[in-house]
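So the structure is just underneath, and the comments pick up after that.
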Amino acid sequence: MIKKPLERHRLFRIITWVWLAILTILLLLPGRDIPRIDLDLGIPIDKLVHFTSLFIATGSFLLSIHWEENKHRVKIILGLIFYGIFMEFFQHILQKSRAFEVADIIANLTGVLSAVLLYIIVGKIIKN
């Protein structure tokens, strides 16, 4: 028997995997193929892109497994943390035009952890 909540989150799971595939392709593009956007936000736009990309991936993964056991959440969170770290290495290894930046890893980790924190806070607010 299929549980109803799992059926409702199937769409989130599909969107998440498509997003992660697109994100992987974009992260592995040569640096010269990435459009330059100059916004005066006080932080470099590429760091904002790293943060937002992993924030969206984490949030959608958490929503897709909301009704499952906590151990799945931990695996997803750890997986995305490692994804954010390893993608920075793979970018540099596979595309010599891309520089390895610790700041990108920090932006990735901050995106993952911010999504987790928001998920926890919203979950507590909704329960009360």
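Chain labels run A, B, ... following the order of the structure tokens; each chain numbers its residues from 1, and ligands are numbered from 1 in the order shown.
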
Extract, using only C-alpha atoms, all DNA, RNA and protein residues at most 10 Å from A:Tyr83, discarding same-chain residues fewer than 2 positions from it, and format them as a PyMOL selection string.
chain A and resi 20+24+54+77-81+85-89+105+108-109

May I ask which of the residues A:Lys124, A:Ile14, A:Arg98, A:Leu113 is the closest one to A:Leu63, counting only C-alpha atoms?
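Checking each of A:Lys124, A:Ile14, A:Arg98, A:Leu113 against A:Leu63, counting only C-alpha atoms, the winner is A:Ile14.
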
If you count only C-alpha atoms, which residues fall within 6 Å of A:Val112, apart from same-chain ones fewer than 2 positions away, as a PyMOL selection string?
chain A and resi 54-55+58+109-110+114-115

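In terms of minimum interatomic distance to A:Gly111, A:Gly59 ranks closest within A:Gly59, A:Asp46, A:Val18, A:Leu11, counting only C-alpha atoms.
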
Compare A:Trp19, A:Phe90, A:Phe82, A:Phe61 by their minimum atom-to-atom distance to A:Tyr119, counting only C-alpha atoms, and give me the closest one.
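Closest to A:Tyr119, using only C-alpha atoms: A:Phe61.
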